[in-house]
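Student: I am sharing upload.txt, which consists of compact mmCIF, C-alpha atoms:
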# COMPACT_ATOMS: atom_id res chain seq x y z
CA MET F 1 -4.54 -192.78 63.35
CA LYS F 2 -1.20 -193.25 65.05
CA PHE F 3 0.34 -196.71 64.77
CA LEU F 4 1.23 -198.45 68.04
CA ASP F 5 2.31 -202.07 68.14
CA GLN F 6 3.03 -202.67 71.83
CA ALA F 7 1.53 -201.55 75.13
CA LYS F 8 1.77 -202.56 78.77
CA VAL F 9 -1.54 -202.94 80.61
CA PHE F 10 -2.78 -204.02 84.03
CA LEU F 11 -5.61 -206.58 84.07
CA LYS F 12 -7.74 -207.61 87.04
CA SER F 13 -10.76 -209.89 87.13
CA GLY F 14 -13.62 -209.19 89.49
CA ASP F 15 -13.71 -210.44 93.07
CA GLY F 16 -16.49 -212.75 94.13
CA GLY F 17 -19.39 -211.21 96.05
CA PRO F 18 -19.86 -212.02 99.76
CA GLY F 19 -22.59 -214.30 100.98
CA ALA F 20 -25.43 -213.04 103.12
CA VAL F 21 -26.43 -213.81 106.71
CA ALA F 22 -30.22 -213.75 106.88
CA PHE F 23 -33.07 -215.61 108.56
CA ARG F 24 -36.63 -216.17 107.46
CA ARG F 25 -38.96 -214.28 109.78
CA GLU F 26 -42.64 -214.49 108.88
CA LYS F 27 -45.79 -214.51 110.93
CA TYR F 28 -47.15 -217.94 111.76
CA ILE F 29 -43.89 -219.59 110.69
CA GLU F 30 -42.24 -220.71 113.89
CA PHE F 31 -38.94 -222.02 112.57
CA GLY F 32 -37.97 -219.98 109.51
CA GLY F 33 -34.32 -220.90 109.52
CA PRO F 34 -31.35 -219.34 107.66
CA ASP F 35 -31.96 -218.15 104.11
CA GLY F 36 -28.89 -216.08 103.21
CA GLY F 37 -28.00 -216.41 99.53
CA ASP F 38 -24.60 -216.85 97.92
CA GLY F 39 -22.61 -214.01 96.38
CA GLY F 40 -22.21 -213.62 92.62
CA ARG F 41 -19.11 -214.55 90.69
CA GLY F 42 -16.75 -211.77 89.60
CA GLY F 43 -16.42 -210.73 85.98
CA ASP F 44 -13.79 -212.20 83.68
CA VAL F 45 -11.12 -210.46 81.62
CA VAL F 46 -11.75 -211.47 78.01
CA ILE F 47 -9.46 -210.70 75.06
CA GLU F 48 -11.01 -210.70 71.60
CA ALA F 49 -9.34 -210.43 68.20
CA ALA F 50 -11.40 -207.90 66.26
CA ASP F 51 -11.34 -207.63 62.50
CA GLY F 52 -10.69 -204.11 61.19
CA LEU F 53 -8.22 -203.04 63.88
CA ASN F 54 -4.55 -202.56 63.01
CA THR F 55 -3.12 -200.67 66.00
CA LEU F 56 -3.00 -200.79 69.80
CA ILE F 57 -3.41 -197.04 70.20
CA ASP F 58 -6.49 -197.59 72.41
CA TYR F 59 -4.19 -198.94 75.13
CA ARG F 60 -1.79 -196.02 75.03
CA TYR F 61 -3.91 -193.72 77.18
CA LYS F 62 -5.68 -196.30 79.35
CA GLN F 63 -3.59 -199.01 80.97
CA HIS F 64 -5.82 -200.35 83.79
CA PHE F 65 -8.74 -202.68 83.06
CA LYS F 66 -10.77 -204.16 85.91
CA ALA F 67 -13.83 -206.38 85.69
CA GLN F 68 -16.83 -205.78 87.92
CA ARG F 69 -17.08 -207.38 91.31
CA GLY F 70 -19.84 -209.93 91.96
CA HIS F 71 -22.91 -208.68 93.81
CA HIS F 72 -23.55 -209.79 97.39
CA GLY F 73 -26.14 -212.36 98.32
CA MET F 74 -29.47 -211.43 99.90
CA GLY F 75 -32.15 -212.92 102.05
CA ALA F 76 -34.85 -215.29 100.86
CA ASN F 77 -32.11 -217.44 99.33
CA ARG F 78 -31.42 -214.86 96.63
CA ASN F 79 -28.00 -215.21 95.08
CA GLY F 80 -26.03 -212.14 93.96
CA ALA F 81 -25.72 -211.20 90.30
CA ARG F 82 -22.61 -212.01 88.33
CA GLY F 83 -20.15 -209.16 87.68
CA GLU F 84 -19.80 -207.83 84.15
CA ASP F 85 -16.83 -208.91 82.08
CA VAL F 86 -14.28 -206.50 80.66
CA VAL F 87 -13.48 -207.20 77.00
CA LEU F 88 -10.25 -206.03 75.37
CA ARG F 89 -10.60 -205.79 71.59
CA VAL F 90 -7.19 -206.15 69.91
CA PRO F 91 -6.04 -206.49 66.28
CA VAL F 92 -5.61 -209.91 64.71
CA GLY F 93 -2.05 -211.09 65.30
CA THR F 94 -1.72 -209.70 68.83
CA GLN F 95 0.31 -211.60 71.37
CA ILE F 96 -0.14 -211.36 75.13
CA LEU F 97 3.25 -211.63 76.80
CA ASP F 98 4.22 -211.96 80.43
CA GLU F 99 5.72 -208.96 82.16
CA ASP F 100 9.24 -210.22 81.38
CA GLN F 101 8.38 -210.32 77.63
CA GLN F 102 9.76 -213.85 77.39
CA THR F 103 6.62 -215.99 77.70
CA VAL F 104 3.72 -216.00 75.23
CA LEU F 105 0.54 -216.37 77.26
CA CYS F 106 -1.88 -216.05 74.37
CA ASP F 107 -1.64 -215.62 70.59
CA LEU F 108 -4.72 -214.41 68.71
CA THR F 109 -4.37 -215.16 65.00
CA GLU F 110 -8.00 -215.37 63.80
CA ALA F 111 -10.72 -212.73 63.63
CA GLY F 112 -13.40 -213.29 66.27
CA GLN F 113 -11.16 -215.43 68.46
CA ARG F 114 -11.95 -214.95 72.18
CA ARG F 115 -9.96 -216.04 75.20
CA VAL F 116 -10.92 -215.80 78.87
CA PHE F 117 -7.56 -214.54 80.08
CA LEU F 118 -8.32 -214.00 83.79
CA ARG F 119 -11.24 -215.75 85.48
CA GLY F 120 -13.32 -213.92 88.05
CA GLY F 121 -13.44 -215.06 91.66
CA ASP F 122 -16.26 -217.29 92.85
CA GLY F 123 -18.92 -215.84 95.09
CA GLY F 124 -18.97 -216.61 98.80
CA HIS F 125 -21.55 -218.84 100.43
CA GLY F 126 -24.34 -217.41 102.56
CA ASN F 127 -25.35 -218.83 105.92
CA ALA F 128 -27.99 -221.07 104.29
CA HIS F 129 -25.12 -223.10 102.86
CA PHE F 130 -23.75 -223.91 106.32
CA LYS F 131 -26.92 -225.18 108.01
CA THR F 132 -26.81 -228.73 109.37
CA PRO F 133 -29.05 -230.85 111.57
CA THR F 134 -26.91 -229.91 114.53
CA ASN F 135 -26.34 -226.26 113.57
CA ARG F 136 -29.74 -224.98 112.51
CA ALA F 137 -29.00 -221.26 112.86
CA PRO F 138 -25.49 -220.66 111.52
CA ARG F 139 -24.22 -217.12 111.28
CA LYS F 140 -21.27 -218.07 109.16
CA PHE F 141 -20.71 -216.73 105.64
CA HIS F 142 -17.86 -216.47 103.15
CA PRO F 143 -16.65 -213.09 101.82
CA GLY F 144 -15.95 -214.44 98.31
CA TRP F 145 -12.81 -215.44 96.51
CA PRO F 146 -10.54 -212.73 95.08
CA GLY F 147 -10.01 -212.32 91.37
CA GLN F 148 -6.75 -212.54 89.47
CA GLU F 149 -4.52 -209.63 88.49
CA GLN F 150 -1.48 -209.36 86.25
CA TRP F 151 0.65 -206.90 84.27
CA VAL F 152 1.00 -208.03 80.65
CA TRP F 153 2.41 -206.75 77.38
CA LEU F 154 0.26 -206.53 74.28
CA ARG F 155 2.40 -206.85 71.18
CA LEU F 156 1.05 -206.74 67.65
CA LYS F 157 2.76 -208.85 65.01
CA LEU F 158 1.16 -208.28 61.64
CA ILE F 159 0.14 -211.34 59.64
CA ALA F 160 1.77 -211.20 56.21
CA ASP F 161 2.91 -213.83 53.75
CA ALA F 162 6.10 -211.98 52.76
CA GLY F 163 8.21 -209.36 54.49
CA LEU F 164 10.35 -206.56 53.06
CA LEU F 165 13.78 -205.95 54.58
CA GLY F 166 16.60 -203.57 53.81
CA LEU F 167 18.51 -200.49 54.84
CA PRO F 168 16.76 -197.10 54.79
CA ASN F 169 16.16 -195.80 51.26
CA ALA F 170 16.64 -199.25 49.72
CA GLY F 171 13.36 -198.83 47.80
CA LYS F 172 11.02 -200.92 49.97
CA SER F 173 8.15 -198.43 50.00
CA THR F 174 8.54 -197.84 46.26
CA PHE F 175 8.31 -201.58 45.66
CA LEU F 176 5.22 -201.82 47.88
CA ALA F 177 3.52 -198.93 46.07
CA ALA F 178 4.35 -200.42 42.65
CA THR F 179 2.94 -203.87 43.46
CA THR F 180 -0.03 -203.12 45.76
CA ALA F 181 -2.71 -200.52 46.34
CA ALA F 182 -0.93 -199.28 49.48
CA LYS F 183 0.02 -195.61 49.61
CA PRO F 184 3.29 -195.38 51.58
CA LYS F 185 5.14 -192.09 51.61
CA ILE F 186 7.60 -191.76 48.71
CA ALA F 187 9.68 -188.69 47.89
CA ASP F 188 12.77 -187.63 45.96
CA TYR F 189 14.80 -187.05 49.14
CA PRO F 190 16.21 -189.62 51.58
CA PHE F 191 14.07 -190.58 54.57
CA THR F 192 12.86 -193.75 56.26
CA THR F 193 9.41 -195.22 56.88
CA LEU F 194 8.26 -194.72 60.48
CA ALA F 195 5.53 -197.37 60.71
CA PRO F 196 4.92 -200.76 59.05
CA ASN F 197 2.68 -200.93 55.98
CA LEU F 198 0.65 -203.84 54.59
CA GLY F 199 -0.32 -204.40 50.99
CA VAL F 200 -2.11 -207.09 48.99
CA VAL F 201 -0.17 -208.23 45.92
CA SER F 202 -1.94 -209.66 42.85
CA ALA F 203 0.18 -212.15 40.94
CA GLY F 204 -1.89 -213.55 38.09
CA GLU F 205 -5.17 -214.76 39.64
CA GLU F 206 -3.72 -215.25 43.11
CA GLU F 207 -2.97 -212.85 45.93
CA PHE F 208 -0.72 -212.65 48.95
CA VAL F 209 0.02 -210.08 51.66
CA ILE F 210 3.36 -208.30 51.90
CA ALA F 211 4.62 -206.19 54.82
CA ASP F 212 7.01 -203.24 54.62
CA ILE F 213 8.80 -202.30 57.85
CA PRO F 214 11.06 -199.31 58.64
CA GLY F 215 14.63 -199.68 57.49
CA LEU F 216 17.29 -201.14 59.75
CA ILE F 217 20.70 -199.65 60.43
CA LYS F 218 23.84 -201.05 61.99
CA GLY F 219 23.31 -201.60 65.72
CA ALA F 220 19.50 -201.72 65.48
CA HIS F 221 19.41 -204.63 67.97
CA GLU F 222 21.03 -202.28 70.51
CA GLY F 223 18.42 -199.58 69.99
CA HIS F 224 20.12 -197.49 67.31
CA GLY F 225 17.86 -195.65 64.90
CA LEU F 226 14.30 -196.92 65.25
CA GLY F 227 15.69 -200.13 66.71
CA ASP F 228 14.54 -203.62 65.77
CA ARG F 229 11.10 -203.49 67.40
CA PHE F 230 9.38 -203.56 64.00
CA LEU F 231 11.06 -206.83 63.00
CA GLY F 232 8.28 -208.60 64.89
CA HIS F 233 5.92 -207.76 62.02
CA VAL F 234 7.77 -210.08 59.65
CA GLU F 235 8.16 -212.97 62.09
CA ARG F 236 4.93 -214.54 60.84
CA SER F 237 5.93 -214.21 57.18
CA ARG F 238 6.85 -217.31 55.19
CA ILE F 239 9.55 -215.64 53.10
CA LEU F 240 11.65 -212.48 53.23
CA LEU F 241 12.43 -210.17 50.32
CA HIS F 242 15.77 -208.52 51.06
CA LEU F 243 16.19 -205.43 48.90
CA VAL F 244 19.70 -204.04 48.46
CA ASP F 245 20.25 -200.52 47.11
CA GLY F 246 22.13 -200.96 43.86
CA THR F 247 23.41 -197.38 43.96
CA ALA F 248 25.33 -198.02 47.20
CA ASP F 249 29.11 -198.09 47.00
CA ASP F 250 29.39 -201.44 48.81
CA VAL F 251 26.34 -203.64 48.28
CA VAL F 252 27.97 -206.55 50.12
CA ALA F 253 28.36 -204.46 53.27
CA SER F 254 24.70 -203.41 53.01
CA TYR F 255 23.62 -207.04 52.74
CA ARG F 256 25.76 -208.20 55.66
CA THR F 257 24.51 -205.37 57.88
CA ILE F 258 20.94 -206.60 57.62
CA ARG F 259 21.93 -210.24 58.04
CA ASN F 260 23.87 -209.42 61.21
CA GLU F 261 20.85 -207.60 62.64
CA LEU F 262 18.59 -210.57 61.90
CA GLU F 263 20.94 -212.94 63.70
CA ALA F 264 21.30 -210.59 66.67
CA TYR F 265 17.51 -210.15 66.88
CA GLY F 266 16.95 -213.86 67.40
CA GLY F 267 13.65 -215.61 66.86
CA ASN F 268 13.31 -217.43 63.56
CA LEU F 269 14.11 -214.60 61.14
CA ALA F 270 17.65 -215.66 60.31
CA ASP F 271 16.39 -219.13 59.29
CA LYS F 272 13.57 -217.98 57.00
CA LEU F 273 13.74 -218.35 53.24
CA GLU F 274 15.08 -215.23 51.60
CA VAL F 275 14.94 -213.72 48.13
CA ILE F 276 17.68 -211.16 47.46
CA GLY F 277 16.87 -208.32 45.11
CA LEU F 278 19.33 -205.80 43.67
CA ASN F 279 17.06 -202.76 43.48
CA LYS F 280 17.29 -199.47 41.56
CA ALA F 281 18.68 -201.15 38.45
CA ASP F 282 17.39 -198.25 36.35
CA ALA F 283 20.11 -196.04 37.86
CA LEU F 284 22.97 -198.44 37.03
CA LEU F 285 24.93 -199.32 33.93
CA ASP F 286 24.94 -202.88 32.65
CA GLU F 287 28.56 -203.33 33.74
CA GLU F 288 27.75 -202.14 37.26
CA ILE F 289 24.75 -204.45 37.50
CA GLU F 290 26.80 -207.51 36.54
CA GLU F 291 29.62 -206.58 38.91
CA LYS F 292 27.40 -205.93 41.94
CA LYS F 293 25.19 -208.94 41.24
CA ALA F 294 28.23 -211.23 41.15
CA ALA F 295 29.57 -209.75 44.39
CA LEU F 296 26.22 -210.28 46.15
CA GLU F 297 25.88 -213.86 44.89
CA GLU F 298 29.36 -214.67 46.12
CA ALA F 299 28.68 -213.16 49.57
CA SER F 300 25.24 -214.71 50.02
CA GLY F 301 25.62 -217.98 48.17
CA ALA F 302 22.19 -217.53 46.57
CA GLU F 303 20.74 -216.18 43.34
CA VAL F 304 20.32 -212.41 43.18
CA MET F 305 17.39 -210.99 41.24
CA VAL F 306 17.74 -207.62 39.51
CA LEU F 307 14.76 -205.26 39.66
CA SER F 308 13.63 -201.67 39.74
CA GLY F 309 10.57 -200.69 41.74
CA ALA F 310 10.40 -197.30 40.04
CA THR F 311 10.25 -198.59 36.44
CA GLY F 312 8.85 -202.08 37.06
CA GLN F 313 11.90 -203.88 35.65
CA GLY F 314 12.03 -207.45 36.98
CA VAL F 315 9.21 -206.83 39.50
CA HIS F 316 6.79 -209.47 38.17
CA LYS F 317 9.53 -212.09 38.15
CA VAL F 318 10.20 -211.40 41.82
CA LEU F 319 6.48 -211.55 42.69
CA TYR F 320 6.03 -214.95 41.06
CA ARG F 321 9.12 -216.24 42.87
CA LEU F 322 7.59 -215.12 46.18
CA LEU F 323 4.21 -216.61 45.30
CA THR F 324 5.72 -220.00 44.48
CA VAL F 325 7.47 -220.24 47.85
CA ILE F 326 4.38 -219.03 49.72
CA LYS F 327 2.14 -221.64 48.09
CA GLU F 328 4.58 -224.43 48.91
CA SER F 329 4.85 -223.24 52.53
CA LYS F 330 1.06 -223.04 52.95
CA ALA F 331 0.70 -226.56 51.58
CA GLU F 332 3.04 -227.85 54.27
CA GLU F 333 1.75 -225.62 57.08
CA PRO F 334 -1.68 -224.13 56.28
CA GLU F 335 -2.16 -222.46 59.67
CA VAL F 336 -0.87 -219.01 60.57
CA ILE F 337 2.73 -219.10 61.80
CA HIS F 338 2.92 -218.55 65.56
CA ALA F 339 5.78 -216.17 66.19
CA PRO F 340 8.03 -216.72 69.23
CA ALA F 341 8.33 -214.26 72.07
CA THR F 342 10.90 -211.57 71.34
CA ARG F 343 11.95 -208.96 73.84
CA SER F 344 12.24 -205.41 72.56
CA ILE F 345 14.85 -203.02 73.94
CA PRO F 346 13.39 -199.61 74.81
CA ARG F 347 15.10 -196.40 73.85
CA PRO F 348 17.67 -195.01 76.33
CA PRO F 349 16.66 -192.13 78.62
CA VAL F 350 16.38 -188.67 77.11
CA GLY F 351 19.75 -186.90 77.09
CA GLN F 352 21.82 -190.09 77.23
CA LYS F 353 24.01 -191.17 74.33
CA LEU F 354 24.48 -194.53 72.68
CA PRO F 355 27.99 -195.98 72.23
CA ASP F 356 28.34 -194.82 68.61
CA ASP F 357 27.52 -191.25 69.65
CA GLY F 358 30.47 -191.03 71.99
CA GLY F 359 28.49 -192.01 75.09
CA GLY F 360 28.84 -194.97 77.41
CA MET F 361 25.26 -196.30 77.56
CA GLN F 362 25.08 -200.12 77.41
CA TRP F 363 22.07 -202.44 77.55
CA ASP F 364 22.15 -204.85 80.51
CA GLU F 365 20.19 -208.04 79.76
CA GLU F 366 20.04 -209.13 83.41
CA LEU F 367 18.75 -205.80 84.74
CA GLY F 368 16.65 -205.09 81.66
CA GLU F 369 17.70 -201.44 81.50
CA TRP F 370 20.34 -199.06 80.13
CA VAL F 371 23.35 -198.61 82.40
CA GLY F 372 26.40 -196.34 82.38
CA GLY F 373 26.91 -193.17 80.42
CA GLU F 374 26.97 -189.61 81.66
CA ASP F 375 26.08 -186.34 79.99
CA ASP F 376 29.00 -184.17 78.93
CA ASP F 377 27.13 -181.13 80.18
CA LEU F 378 26.96 -182.59 83.66
CA GLU F 379 30.70 -183.30 83.65
CA SER F 380 31.52 -179.76 82.50
CA ASP F 381 29.26 -178.36 85.20
CA GLU F 382 31.07 -180.43 87.81
CA SER F 383 34.49 -179.18 86.59
CA GLU F 384 33.28 -175.58 86.67
CA ASP F 385 31.93 -176.08 90.17
CA GLY F 386 35.29 -177.49 91.26
CA ALA F 387 37.20 -174.49 89.87
CA LEU F 388 34.76 -172.16 91.59
CA ASP F 389 35.28 -173.96 94.89
CA GLU F 390 39.07 -173.52 94.56
CA GLU F 391 38.67 -169.80 93.96
CA LEU F 392 36.40 -169.47 96.95
CA SER F 393 38.87 -171.37 99.12
CA ASP F 394 41.66 -168.91 98.15
CA GLU F 395 39.50 -165.92 99.05
CA GLU F 396 38.59 -167.48 102.38
CA ALA F 397 42.28 -167.99 103.11
CA LEU F 398 42.98 -164.30 102.48
CA GLU F 399 40.10 -163.27 104.68
CA ASP F 400 41.57 -165.33 107.53
CA GLY F 401 44.68 -163.08 107.50
CA ASP F 402 47.21 -165.51 106.05
CA VAL F 403 50.63 -163.96 105.21
CA LEU F 404 51.46 -163.84 101.49
CA ASP F 405 54.85 -164.87 100.12
CA GLU F 406 57.28 -162.22 98.76
CA SER F 407 56.53 -163.32 95.20
CA GLU F 408 52.85 -163.00 95.90
CA GLU F 409 53.42 -159.52 97.39
CA ASP F 410 55.34 -158.45 94.24
CA ASP F 411 52.50 -159.76 92.05
CA ALA F 412 49.99 -157.89 94.17
CA GLU F 413 52.02 -154.63 93.86
CA GLU F 414 52.24 -155.08 90.06
CA GLU F 415 48.49 -155.65 89.86
CA ASP F 416 47.88 -152.49 91.93
CA ALA F 417 50.21 -150.48 89.65
CA GLU F 418 48.42 -151.76 86.54
CA ALA F 419 45.09 -150.89 88.11
CA GLU F 420 46.33 -147.33 88.85
CA GLY F 421 47.65 -147.02 85.27
CA GLU F 422 44.31 -148.11 83.86
CA ALA F 423 42.57 -145.56 86.09
CA ASP F 424 44.92 -142.80 84.85
CA GLY F 425 44.30 -143.94 81.28
CA LYS F 426 40.57 -143.66 81.73
CA GLU F 427 40.94 -140.13 83.15
CA SER F 428 43.19 -139.12 80.24
CA ASP F 429 40.69 -140.63 77.80
CA LYS F 430 38.19 -138.13 79.01
CA ASP F 431 40.52 -135.37 77.77
CA GLY F 432 40.98 -137.10 74.42
CA THR F 433 44.78 -137.59 74.79
CA GLY F 434 45.03 -141.14 76.18
CA ARG F 435 43.33 -143.00 73.35
CA HIS F 436 45.80 -144.83 71.01
CA GLY F 437 48.67 -142.68 72.28
CA ALA F 438 49.19 -138.92 72.50
Would you put the structure from the file into structure tokens?
Tutor:
Amino acid sequence: MKFLDQAKVFLKSGDGGPGAVAFRREKYIEFGGPDGGDGGRGGDVVIEAADGLNTLIDYRYKQHFKAQRGHHGMGANRNGARGEDVVLRVPVGTQILDEDQQTVLCDLTEAGQRRVFLRGGDGGHGNAHFKTPTNRAPRKFHPGWPGQEQWVWLRLKLIADAGLLGLPNAGKSTFLAATTAAKPKIADYPFTTLAPNLGVVSAGEEEFVIADIPGLIKGAHEGHGLGDRFLGHVERSRILLHLVDGTADDVVASYRTIRNELEAYGGNLADKLEVIGLNKADALLDEEIEEKKAALEEASGAEVMVLSGATGQGVHKVLYRLLTVIKESKAEEPEVIHAPATRSIPRPPVGQKLPDDGGGMQWDEELGEWVGGEDDDLESDESEDGALDEELSDEEALEDGDVLDESEEDDAEEEDAEAEGEADGKESDKDGTGRHGA
């Protein structure tokens, strides 16, 4: 099943049903009076956190959800039936954001949690409701109150105790596969994970959940690479495990790249507790390990743990360090961490280039869209069209009978002579004497 962690949907609760205008007419009953019933209430829009779901793919192909309208009232004081609710089943950890993606309207963090998001409209009154001692035969009724409607964003933020961060090919998926029963893709060639993965880690007799997200690159907060949209899946985590590729030439630059992206992303990621791990120690010499570990400790100001996800070196020590921090955090705050609203930047239009690709596309926060930038192909087409227009203008001038200059006449005579020479050459070629000389 394809992983999808955000979707934009339109929600509308049901309108209230109209009241009825009716009168009791029976034999031998002289004054029956009004007996029009009230309309039924419209259905609600309910959002439910369902256990067992881990993607929002159901809302990729259907974006409009409308509850049923309330039924109309009828005679004999019969009220209309209530409209049926529409229930949206979403994974645990889903946030409902306003259309501007800056306001959290609802945060579902427990399985089975239900929220009435939009309430249906009340039904209208029938004419029986408006009868009075002075108005015994009213023909007035109410059409019912309208329901509510709204565009919202559904954004899934996985619930995990620890989150894995790092550049692509830093060994995050290898670490996840070595410590959990998860089966992320691992190969002997460089590539990056395309979707987040969850795994349950067993440390002694205790367990905790760890999340692996696709690797970040420089400029991810501006939409480069896969962007920073997957960082939302570690916002609920209590601690971050930052893996640095030990085989990189400059481990300090790799560390600072991720830290800069966390600060540019916003939210609370930059302030979370962090464990730094120098990964792939099995591919390094002891001297290289000591040198790169010292450089990382100096740049980060924290202890750097050496490990290797492939061979298991130092892995258990890292797991127990994570477990200790998680237990202390849960003792202080046992509830699930409510992540703040974070706005994701969509990819630029197809064919447009980002700044590092030589293009001029820039993200405008006020407009909420990509601005600037032009395709090189379009510019070349425009230049070719301009040259073609100039040539056409010259031909039109000649057709109008303009007089050429003497230099232009000489050039024209030379061109005619060359044309005649080429014609003679072609005729001589037929005889076999004009090719490459006599």
Student: What's the separation between CA of Lys12 in chain F and CA of Gln148 in chain F, in Å to one decimal place?
Tutor: 5.6 Å
Student: At a cut-off of 7 Å around the point (-28.5, -216.1, 102.5) (file coordinates), what residues fall inside when counting all atoms listed in the file? I'd like the answer as a PyMOL selection string.
Tutor: chain F and resi 19-22+34-38+73-78+126-128
Student: Closest to Gly267 in chain F among F:His64, F:Lys131, F:Arg236, F:Arg155, using all atoms listed in the file?
Tutor: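 Ranked by minimum distance to Gly267 in chain F, first place goes to F:Arg236.
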Student: Nearest residue to Leu198 in chain F out of F:Pro334, F:Gly277, F:Gly163, F:Gly52, using only C-alpha atoms?
Tutor: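 Closest to Leu198 in chain F of all the choices is F:Gly163.
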Student: Using only C-alpha atoms, which protein or nucleic acid residues come within 12 Å of Glu335 in chain F? Drop anything in the same chain fewer than 6 positions from it, and give the result as a compact mmCIF listing (two decimals) with C-alpha atoms, in the frame of the given file.
Tutor:
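Output (result.txt):
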# COMPACT_ATOMS: atom_id res chain seq x y z
CA THR F 109 -4.37 -215.16 65.00
CA GLU F 110 -8.00 -215.37 63.80
CA ILE F 159 0.14 -211.34 59.64
CA ASP F 161 2.91 -213.83 53.75
CA ARG F 236 4.93 -214.54 60.84
CA SER F 237 5.93 -214.21 57.18
CA ARG F 238 6.85 -217.31 55.19
CA SER F 329 4.85 -223.24 52.53
Student: List as a PyMOL selection string: which residues have an atom within 12 Å of (1.8, -199.4, 43.7), counting only C-alpha atoms?
Tutor: chain F and resi 172-186+198-202+309-312+315
Student: Could you name the residues that touch Thr55 in chain F at 7 Å or less, counting all atoms listed in the file, but leaving out those on the same chain fewer than 2 positions away, as a ChimeraX atom specification?
Tutor: /F:3-5,53,57,91
Student: What would the file look like if the residues just selected were written as a compact mmCIF listing (two decimals), in the frame of the given file with C-alpha atoms?
Tutor:
# COMPACT_ATOMS: atom_id res chain seq x y z
CA PHE F 3 0.34 -196.71 64.77
CA LEU F 4 1.23 -198.45 68.04
CA ASP F 5 2.31 -202.07 68.14
CA LEU F 53 -8.22 -203.04 63.88
CA ILE F 57 -3.41 -197.04 70.20
CA PRO F 91 -6.04 -206.49 66.28
Student: Find the residue from F:Asp58, F:Glu99, F:Asp286, F:Glu84 that sits nearest to Gly43 in chain F; use all atoms listed in the file when measuring.
Tutor: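 Nearest candidate to Gly43 in chain F out of F:Asp58, F:Glu99, F:Asp286, F:Glu84: F:Glu84.
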Student: When you draw a straight line from CA of Trp151 in chain F to CA of Phe10 in chain F, how long is it in Å?
Tutor: 4.5 Å
Student: When distances are computed from only C-alpha atoms, which of F:Asp100, F:Leu240, F:Gly166, F:Asp282 shows the smallest separation from Gly314 in chain F?
Tutor: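 For Gly314 in chain F, the nearest of the given residues is F:Asp282.
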Student: Can you measure CA of His242 in chain F to CA of Glu206 in chain F for me? One decimal in Å is fine.
Tutor: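 Computing the Euclidean distance for CA of His242 in chain F and CA of Glu206 in chain F yields 22.1 Å.
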Student: Nearest residue to Ala111 in chain F out of F:Gly70, F:Gly123, F:Gly93, F:Gly33, using all atoms listed in the file?
Tutor: F:Gly93
Student: Any idea what's packed within 9 Å of His71 in chain F, counting only C-alpha atoms, ignoring anything in its chain fewer than 5 positions away? Could you give it as a ChimeraX atom specification?
Tutor: /F:16-18,39-42,79-83,123
